[in-house]
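First the structure, in the form of structure tokens, and then the observations on it.
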Amino acid sequence: MIASLKGKVAVVTGAGRGLGRQTAIHLAAHGAEVVAVSRNAEQLEETVQAIKQTGGAALAIPADVSRLEAVEVLKEKVEQRHGLVSILVNAAGVFGPIQLVKDSDPQRWIETTAVNLFGPYLTCRAFVGGMIQERWGRIINFTSAASLHPPGPLNSAYGTSKVALNQFTRHLAAELEGTGVTANVLHPGDVKTEMWASIRTEAEGMGPEADGYRKWVQWVEQTGGDDPQRASDLVFRLLSDEAASVNGRFLWIEGGLQSPIPSWSDSSGVQPWH
């Protein structure tokens, strides 16, 4: 078990609000030097101030991680200031358009994929080499149970982006086997975040095709939603020595409102050409 993260550098994307902010604060409270990343500089500064008020160390770097040039600049700034990164948490995400494919806004659809998939790809690409060099690292990408639910109307952008994120993380985990570095995805629970509020607003004015969303919004409202602390607790557990063998998995918070859904097995068979 890791009692302290002192000396570890942690990059947290989406750290300006919600689950990303909660995770950044939690890691800093356990001694990590946190680099908080988000597109919104004002929100980032609030996160950094919250960390510093409790004696933690944090640096804010505004960046759009869906852009290669921005991630290259981010990498340069982080390594100049802190050295190699040990922990990468990709919590940045957008829900995207709640629209039928035939009516969907192409720009919003593509942006959803860019933020939810290309962002984690670019940040993993940027920082995983240093982790391999140090023979220790943890990559944790926030996914969603929506990637395991049966496909339904209106959710093609978000659902597709998270399915792709799952598979990308599995490929990365396969490459990392035996290096001391792991990569996993986690479903942080059904939390009353700003994303939940925006889904509520968008679904309110839609027709019967959005009934599923309205029921989900109401369910989260009535139950109070999952405690966001549980997601950051799970992140912290993945940093322990006991979790060194956990790699390429879809992980669930403890005691979440939603029961875990089967994702993929440890063995998917052997291809006949092997």
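Ligands are numbered from 1 in the order shown, chains are lettered A, B, ... in the order of the structure tokens, and residues start at 1 in each chain.
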
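When the distance limit is 7 Å and only C-alpha atoms are what count, the residues near region 231-234 of chain A, minus those fewer than 6 positions from it on the same chain, are Gln22, Thr23, His26, Pro188 and Ile253 of chain A.
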
Open item on the list: I'd like the contact shell of region 33-46 of chain A - 7 Å cut-off, only C-alpha atoms, skipping same-chain residues fewer than 2 positions apart - returned as a PyMOL selection string.
Closed with: chain A and resi 8-17+24+28+31+48-50+57-64

Serialized selection, C-alpha atoms, as a PDB file, in the first residue's frame:
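Below you can see part-v5.pdb, which holds the result:
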```pdb
ATOM      1  CA  LYS A   8       5.427  11.341  -7.553  1.00  0.00           C
ATOM      2  CA  VAL A   9       4.325  13.696 -10.313  1.00  0.00           C
ATOM      3  CA  ALA A  10       0.662  13.306 -11.286  1.00  0.00           C
ATOM      4  CA  VAL A  11      -0.943  14.854 -14.361  1.00  0.00           C
ATOM      5  CA  VAL A  12      -4.737  15.091 -14.072  1.00  0.00           C
ATOM      6  CA  THR A  13      -6.752  16.240 -17.073  1.00  0.00           C
ATOM      7  CA  GLY A  14     -10.224  17.666 -16.607  1.00  0.00           C
ATOM      8  CA  ALA A  15      -8.998  18.989 -13.271  1.00  0.00           C
ATOM      9  CA  GLY A  16     -10.902  22.244 -13.485  1.00  0.00           C
ATOM     10  CA  ARG A  17     -14.112  20.806 -12.060  1.00  0.00           C
ATOM     11  CA  ALA A  24      -6.434  16.162  -8.217  1.00  0.00           C
ATOM     12  CA  ALA A  28      -2.216  16.181  -3.695  1.00  0.00           C
ATOM     13  CA  GLY A  31       1.747  14.048  -1.303  1.00  0.00           C
ATOM     14  CA  VAL A  48      -4.895  24.807  -7.461  1.00  0.00           C
ATOM     15  CA  GLN A  49      -5.944  27.187  -4.708  1.00  0.00           C
ATOM     16  CA  ALA A  50      -8.030  24.438  -3.066  1.00  0.00           C
ATOM     17  CA  ALA A  57       1.564  21.179  -4.253  1.00  0.00           C
ATOM     18  CA  ALA A  58      -0.068  21.919  -7.600  1.00  0.00           C
ATOM     19  CA  LEU A  59       0.635  23.613 -10.907  1.00  0.00           C
ATOM     20  CA  ALA A  60      -2.080  24.721 -13.341  1.00  0.00           C
ATOM     21  CA  ILE A  61      -1.438  24.354 -17.071  1.00  0.00           C
ATOM     22  CA  PRO A  62      -4.381  25.304 -19.299  1.00  0.00           C
ATOM     23  CA  ALA A  63      -4.396  23.071 -22.384  1.00  0.00           C
ATOM     24  CA  ASP A  64      -6.720  21.449 -24.889  1.00  0.00           C
TER      25      ASP A  64
END
```

Open item on the list: I want to know what sits within 10 Å of region 168-170 of chain A, based on only C-alpha atoms, with residues of the same chain fewer than 3 positions away left out; could you give that as a PyMOL selection string?
Closed with: chain A and resi 117-118+120-121+124+139-141+162-165+173-176+182-185+247-250

Can you write just those residues out, C-alpha atoms, as a compact mmCIF listing (two decimals), in the first residue's frame?
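As written to disk, again.txt reads:
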```txt
# COMPACT_ATOMS: atom_id res chain seq x y z
CA LEU A 117 -10.45 9.44 -27.12
CA PHE A 118 -7.79 11.50 -28.85
CA PRO A 120 -6.15 10.27 -23.64
CA TYR A 121 -4.23 8.86 -26.61
CA CYS A 124 -0.59 8.61 -22.85
CA ILE A 139 -2.36 5.40 -16.29
CA ILE A 140 -6.04 5.67 -15.38
CA ASN A 141 -8.60 6.69 -17.99
CA LYS A 162 -15.91 5.48 -24.56
CA VAL A 163 -15.96 2.07 -26.26
CA ALA A 164 -12.98 3.21 -28.31
CA LEU A 165 -11.25 4.51 -25.16
CA ALA A 173 -1.97 -2.27 -21.37
CA ALA A 174 -0.85 -5.14 -23.59
CA GLU A 175 2.19 -3.13 -24.66
CA LEU A 176 3.00 -2.31 -21.03
CA THR A 182 -0.21 -0.26 -15.92
CA ALA A 183 -3.16 1.20 -17.81
CA ASN A 184 -6.79 0.77 -16.81
CA VAL A 185 -10.21 2.35 -17.28
CA ASN A 247 -3.66 -3.99 -15.99
CA GLY A 248 -6.04 -3.60 -18.91
CA ARG A 249 -9.15 -3.82 -16.72
CA PHE A 250 -12.52 -2.09 -16.54
```

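Residue nearest Asn90 (chain A) within the list A:Ser104, A:Ser263, A:Thr143, A:Thr54: A:Thr143 [criterion: smallest interatomic distance, only C-alpha atoms].
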
Task: Residue set, region 25-116 of chain A restricted to alpha helix (DSSP H), as a PyMOL selection string - done: chain A and resi 25-29+41-53+68-82+106-113

Write out, as a CSV table (one decimal), in the first residue's frame, the residues just selected, with C-alpha atoms.
```
chain,number,residue,atom,x,y,z
A,25,ILE,CA,-7.2,17.3,-4.7
A,26,HIS,CA,-7.1,13.7,-3.4
A,27,LEU,CA,-3.7,12.9,-5.0
A,28,ALA,CA,-2.2,16.2,-3.7
A,29,ALA,CA,-3.5,15.4,-0.2
A,41,ALA,CA,-7.8,28.5,-16.8
A,42,GLU,CA,-10.2,30.1,-14.2
A,43,GLN,CA,-11.5,26.8,-13.0
A,44,LEU,CA,-8.0,25.4,-12.9
A,45,GLU,CA,-6.8,28.2,-10.7
A,46,GLU,CA,-9.7,27.4,-8.3
A,47,THR,CA,-8.5,23.8,-8.1
A,48,VAL,CA,-4.9,24.8,-7.5
A,49,GLN,CA,-5.9,27.2,-4.7
A,50,ALA,CA,-8.0,24.4,-3.1
A,51,ILE,CA,-5.0,22.2,-3.1
A,52,LYS,CA,-2.6,24.8,-1.7
A,53,GLN,CA,-5.0,25.7,1.1
A,68,LEU,CA,-1.3,17.4,-30.5
A,69,GLU,CA,0.5,20.7,-30.4
A,70,ALA,CA,-1.0,21.6,-27.0
A,71,VAL,CA,0.0,18.2,-25.5
A,72,GLU,CA,3.6,18.6,-26.8
A,73,VAL,CA,3.8,22.0,-25.1
A,74,LEU,CA,2.2,20.5,-21.9
A,75,LYS,CA,4.8,17.7,-21.9
A,76,GLU,CA,7.7,20.2,-22.2
A,77,LYS,CA,6.4,22.4,-19.4
A,78,VAL,CA,5.7,19.5,-17.0
A,79,GLU,CA,9.1,17.9,-17.5
A,80,GLN,CA,11.0,21.2,-17.3
A,81,ARG,CA,9.3,22.0,-14.0
A,82,HIS,CA,8.9,18.5,-12.4
A,106,PRO,CA,-21.0,16.8,-37.0
A,107,GLN,CA,-18.8,19.3,-35.2
A,108,ARG,CA,-20.0,18.3,-31.8
A,109,TRP,CA,-19.9,14.6,-32.6
A,110,ILE,CA,-16.3,14.8,-33.8
A,111,GLU,CA,-15.3,17.0,-30.8
A,112,THR,CA,-16.7,14.4,-28.4
A,113,THR,CA,-14.4,11.8,-30.0
```

As a PDB file with N, CA and C atoms, in the first residue's frame, please: all residues of region 25-199 of chain A that backbone DSSP puts in strand (DSSP E or B).
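The file below, states04.pdb, is the result:
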```pdb
ATOM      1  N   GLU A  33       2.852  15.688  -6.413  1.00  0.00           N
ATOM      2  CA  GLU A  33       2.967  16.994  -7.055  1.00  0.00           C
ATOM      3  C   GLU A  33       2.025  16.969  -8.252  1.00  0.00           C
ATOM      4  N   VAL A  34       0.931  17.683  -8.161  1.00  0.00           N
ATOM      5  CA  VAL A  34      -0.143  17.588  -9.141  1.00  0.00           C
ATOM      6  C   VAL A  34      -0.004  18.667 -10.209  1.00  0.00           C
ATOM      7  N   VAL A  35      -0.110  18.235 -11.465  1.00  0.00           N
ATOM      8  CA  VAL A  35      -0.234  19.159 -12.589  1.00  0.00           C
ATOM      9  C   VAL A  35      -1.680  19.089 -13.042  1.00  0.00           C
ATOM     10  N   ALA A  36      -2.413  20.158 -12.791  1.00  0.00           N
ATOM     11  CA  ALA A  36      -3.837  20.211 -13.105  1.00  0.00           C
ATOM     12  C   ALA A  36      -4.018  20.787 -14.503  1.00  0.00           C
ATOM     13  N   VAL A  37      -4.728  20.049 -15.354  1.00  0.00           N
ATOM     14  CA  VAL A  37      -4.875  20.427 -16.762  1.00  0.00           C
ATOM     15  C   VAL A  37      -6.349  20.538 -17.113  1.00  0.00           C
ATOM     16  N   SER A  38      -6.683  21.596 -17.854  1.00  0.00           N
ATOM     17  CA  SER A  38      -8.049  21.807 -18.305  1.00  0.00           C
ATOM     18  C   SER A  38      -8.023  22.912 -19.347  1.00  0.00           C
ATOM     19  N   ALA A  57       0.804  20.533  -3.190  1.00  0.00           N
ATOM     20  CA  ALA A  57       1.564  21.179  -4.253  1.00  0.00           C
ATOM     21  C   ALA A  57       0.862  20.959  -5.583  1.00  0.00           C
ATOM     22  N   ALA A  58       0.632  22.046  -6.323  1.00  0.00           N
ATOM     23  CA  ALA A  58      -0.068  21.919  -7.600  1.00  0.00           C
ATOM     24  C   ALA A  58       0.360  23.015  -8.557  1.00  0.00           C
ATOM     25  N   LEU A  59       0.325  22.676  -9.825  1.00  0.00           N
ATOM     26  CA  LEU A  59       0.635  23.613 -10.907  1.00  0.00           C
ATOM     27  C   LEU A  59      -0.496  23.528 -11.918  1.00  0.00           C
ATOM     28  N   ALA A  60      -1.015  24.677 -12.344  1.00  0.00           N
ATOM     29  CA  ALA A  60      -2.080  24.721 -13.341  1.00  0.00           C
ATOM     30  C   ALA A  60      -1.486  24.969 -14.718  1.00  0.00           C
ATOM     31  N   ILE A  61      -1.857  24.144 -15.684  1.00  0.00           N
ATOM     32  CA  ILE A  61      -1.438  24.354 -17.071  1.00  0.00           C
ATOM     33  C   ILE A  61      -2.676  24.243 -17.954  1.00  0.00           C
ATOM     34  N   PRO A  62      -3.228  25.372 -18.384  1.00  0.00           N
ATOM     35  CA  PRO A  62      -4.381  25.304 -19.299  1.00  0.00           C
ATOM     36  C   PRO A  62      -3.954  24.691 -20.627  1.00  0.00           C
ATOM     37  N   ILE A  87       2.204   9.385 -12.744  1.00  0.00           N
ATOM     38  CA  ILE A  87       0.768   9.094 -12.684  1.00  0.00           C
ATOM     39  C   ILE A  87       0.053   9.979 -13.704  1.00  0.00           C
ATOM     40  N   LEU A  88      -0.786   9.360 -14.517  1.00  0.00           N
ATOM     41  CA  LEU A  88      -1.601  10.112 -15.476  1.00  0.00           C
ATOM     42  C   LEU A  88      -3.053   9.704 -15.297  1.00  0.00           C
ATOM     43  N   VAL A  89      -3.893  10.677 -14.979  1.00  0.00           N
ATOM     44  CA  VAL A  89      -5.322  10.430 -14.841  1.00  0.00           C
ATOM     45  C   VAL A  89      -6.045  11.268 -15.886  1.00  0.00           C
ATOM     46  N   ASN A  90      -6.679  10.592 -16.837  1.00  0.00           N
ATOM     47  CA  ASN A  90      -7.444  11.287 -17.867  1.00  0.00           C
ATOM     48  C   ASN A  90      -8.910  11.327 -17.457  1.00  0.00           C
ATOM     49  N   GLY A 137       4.701   3.243 -13.232  1.00  0.00           N
ATOM     50  CA  GLY A 137       3.755   4.256 -13.677  1.00  0.00           C
ATOM     51  C   GLY A 137       2.336   3.734 -13.630  1.00  0.00           C
ATOM     52  N   ARG A 138       1.390   4.656 -13.514  1.00  0.00           N
ATOM     53  CA  ARG A 138      -0.021   4.300 -13.499  1.00  0.00           C
ATOM     54  C   ARG A 138      -0.777   5.244 -14.436  1.00  0.00           C
ATOM     55  N   ILE A 139      -1.505   4.647 -15.378  1.00  0.00           N
ATOM     56  CA  ILE A 139      -2.363   5.400 -16.289  1.00  0.00           C
ATOM     57  C   ILE A 139      -3.796   4.980 -16.012  1.00  0.00           C
ATOM     58  N   ILE A 140      -4.648   5.947 -15.729  1.00  0.00           N
ATOM     59  CA  ILE A 140      -6.039   5.670 -15.375  1.00  0.00           C
ATOM     60  C   ILE A 140      -6.926   6.573 -16.224  1.00  0.00           C
ATOM     61  N   ASN A 141      -7.711   5.951 -17.096  1.00  0.00           N
ATOM     62  CA  ASN A 141      -8.597   6.686 -17.990  1.00  0.00           C
ATOM     63  C   ASN A 141     -10.040   6.536 -17.524  1.00  0.00           C
ATOM     64  N   PHE A 142     -10.723   7.651 -17.346  1.00  0.00           N
ATOM     65  CA  PHE A 142     -12.124   7.613 -16.916  1.00  0.00           C
ATOM     66  C   PHE A 142     -13.011   7.250 -18.112  1.00  0.00           C
ATOM     67  N   VAL A 181       4.524  -0.594 -15.505  1.00  0.00           N
ATOM     68  CA  VAL A 181       3.532   0.446 -15.774  1.00  0.00           C
ATOM     69  C   VAL A 181       2.210  -0.241 -16.104  1.00  0.00           C
ATOM     70  N   THR A 182       1.101   0.304 -15.629  1.00  0.00           N
ATOM     71  CA  THR A 182      -0.212  -0.260 -15.915  1.00  0.00           C
ATOM     72  C   THR A 182      -1.129   0.798 -16.518  1.00  0.00           C
ATOM     73  N   ALA A 183      -2.143   0.317 -17.228  1.00  0.00           N
ATOM     74  CA  ALA A 183      -3.159   1.199 -17.814  1.00  0.00           C
ATOM     75  C   ALA A 183      -4.521   0.547 -17.636  1.00  0.00           C
ATOM     76  N   ASN A 184      -5.452   1.284 -17.065  1.00  0.00           N
ATOM     77  CA  ASN A 184      -6.793   0.771 -16.808  1.00  0.00           C
ATOM     78  C   ASN A 184      -7.829   1.852 -17.075  1.00  0.00           C
ATOM     79  N   VAL A 185      -9.090   1.410 -17.225  1.00  0.00           N
ATOM     80  CA  VAL A 185     -10.210   2.349 -17.285  1.00  0.00           C
ATOM     81  C   VAL A 185     -11.089   2.129 -16.064  1.00  0.00           C
ATOM     82  N   LEU A 186     -11.776   3.168 -15.643  1.00  0.00           N
ATOM     83  CA  LEU A 186     -12.715   3.034 -14.528  1.00  0.00           C
ATOM     84  C   LEU A 186     -13.987   3.808 -14.806  1.00  0.00           C
ATOM     85  N   HIS A 187     -15.092   3.242 -14.327  1.00  0.00           N
ATOM     86  CA  HIS A 187     -16.374   3.942 -14.338  1.00  0.00           C
ATOM     87  C   HIS A 187     -16.514   4.631 -12.982  1.00  0.00           C
TER      88      HIS A 187
END
```

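Put simply, CA of Val217 (chain A) is 10.2 Å away from CA of Ser198 (chain A).
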
Open item on the list: Rounded to one decimal, what separation in Å do you get between CA of Ser240 (chain A) and CA of Trp136 (chain A)?
Closed with: 11.3 Å

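With distances restricted to only C-alpha atoms, A:Asn166 is the closest residue to Leu251 (chain A) from A:Ser156, A:Ser4, A:Asn116, A:Asn166.
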
TODO: Give me, please, the distance in Å between CA of Ser66 (chain A) and CA of Leu122 (chain A), quoted to one decimal.
DONE: 7.2 Å

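Take the candidates A:Val246, A:Ala126, A:Met195, A:Val115 and check each one against Gly180 (chain A) using only C-alpha atoms; the shortest distance goes to A:Val246.
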
TODO: Please identify all polymer residues within 10 Å of Gly152 (chain A), counting only C-alpha atoms, omitting same-chain residues fewer than 6 positions from it, and present them as an MDAnalysis selection string.
DONE: chainID A and resid 100 146 159 209 212

Let's have the selection written as a compact mmCIF listing (two decimals), in the first residue's frame, with C-alpha atoms.
```
# COMPACT_ATOMS: atom_id res chain seq x y z
CA LEU A 100 -30.18 10.97 -33.54
CA ALA A 146 -22.46 3.65 -21.12
CA GLY A 159 -20.96 5.75 -26.26
CA GLU A 209 -36.84 9.23 -27.69
CA GLY A 212 -34.28 6.94 -21.04
```
